[in-house]
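See structure below.
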Amino acid sequence: MDMKIDLKHLKSCRLKFADPMVLIINVFIFSVVVTGCYVGGGTVSAGPLKFPDIKTSIRVSNLSSFKSTGKFTCQVPGYYYIAVTLMSADANTKIEIMKNSAAIHWQFMTGYTKEQTHWEPGATVVALELKSNDNVWIKLVSSKSIHQSCLTIFKIN
């Protein structure tokens, strides 16, 4: 079978309704992105991790709530990519990615050295379907030493 690409044929097959301006407007209107970080160090209490140092925010109108509670509330339904990076010096630091009150995924950070002098990184990602008013947040299962950690959430469709 001949696998050459016929450019004239491809051009004639393109979607007639795919107006580039409409595509650009749709991407802009439906984009949702937030990246928040925790830049301090020291022991953090168990419960929702807070990421008050906002690095990026597009179409997140409840940003003050996100900063104070660590919980992202979906306002534009769709599929979202959630990525967490975490640094801990403690053994068996466990986080859970929460959707509303249910743990969707969990991750352990090793983080332990005999002298406890090294910060160890950990990361985890998931893709989730979110509906209006769903909450996504990162739960620290027990009090641990946390440093330089970030949460990024963005809509992928």
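Chain labels follow the order of the structure tokens: the first chain is A, the next B, and so on; residue numbering restarts at 1 in every chain, and ligands are counted from 1 in their shown order.
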
Q: For Phe108 in chain A, list every protein, DNA or RNA residue within 8 Å, evaluated using only C-alpha atoms, and leave out those in the same chain fewer than 2 positions away; present the list as a PyMOL selection string.
A: chain A and resi 92-95+106+110+122

If you run DSSP on the backbone here, which positions in range 40-138 of chain A get helix (DSSP H, G or I)? Please write them as a short mmCIF file (atom, residue, chain, number, x, y, z; two decimals) with C-alpha atoms, in the first residue's frame.
```cif
data_model
loop_
_atom_site.label_atom_id
_atom_site.label_comp_id
_atom_site.auth_asym_id
_atom_site.auth_seq_id
_atom_site.Cartn_x
_atom_site.Cartn_y
_atom_site.Cartn_z
CA LEU A 63 -8.95 32.28 44.06
CA SER A 64 -9.10 33.66 47.61
CA SER A 65 -10.96 30.53 48.73
CA PHE A 66 -8.38 28.31 46.99
CA LYS A 67 -5.54 30.18 48.71
CA SER A 68 -7.09 29.95 52.17
CA THR A 69 -8.52 26.42 52.07
#
```

Q | Surrounding residues of Leu140 in chain A excluding itself and chain neighbours under 4 positions, 7 Å, only C-alpha atoms, as a list in words | A |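 With the cut-off at 7 Å, the set is Ala46, Gly47, Pro48, Leu49, Lys94, Ile95 and Glu96 of chain A.
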
Q) Which distance in Å separates CA of Lys71 in chain A and CA of Ala91 in chain A, to one decimal? A) 25.5 Å

(Q) Excluding range 150-156 of chain A and its own-chain neighbours fewer than 6 positions away, which residues fall within 7 Å of it when counting only C-alpha atoms? Please give them as a PyMOL selection string. (A) chain A and resi 31-38+51+78-86

(Q) So, with only C-alpha atoms as the atoms that count, which of A:Val44, A:Val60, A:Val125, A:Met87 lies closest to Gln148 in chain A? (A)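 Smallest distance to Gln148 in chain A is found for A:Met87.
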
Q.
Between A:Leu128, A:Thr43, A:Lys50, A:Pro77, which residue has the minimum interatomic distance to Ser149 in chain A, considering only C-alpha atoms?
A.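 Once distances to Ser149 in chain A are computed over only C-alpha atoms, the minimum belongs to A:Lys50.
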
Q. Given the choices A:Ala127, A:Lys139, A:Ser88, A:Ala102, which gets closest to Gly41 in chain A if the distance is worked out from only C-alpha atoms?
A.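 Between A:Ala127, A:Lys139, A:Ser88, A:Ala102, the residue approaching Gly41 in chain A most closely is A:Ser88.
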
**Q.** For CA of Ser57 in chain A and CA of Ala103 in chain A, the interatomic separation in Å (one decimal)
**A.** 24.8 Å

Q: Quote the spacing between CA of Ser145 in chain A and CA of Ser45 in chain A in Å to one decimal place.
A: 8.9 Å
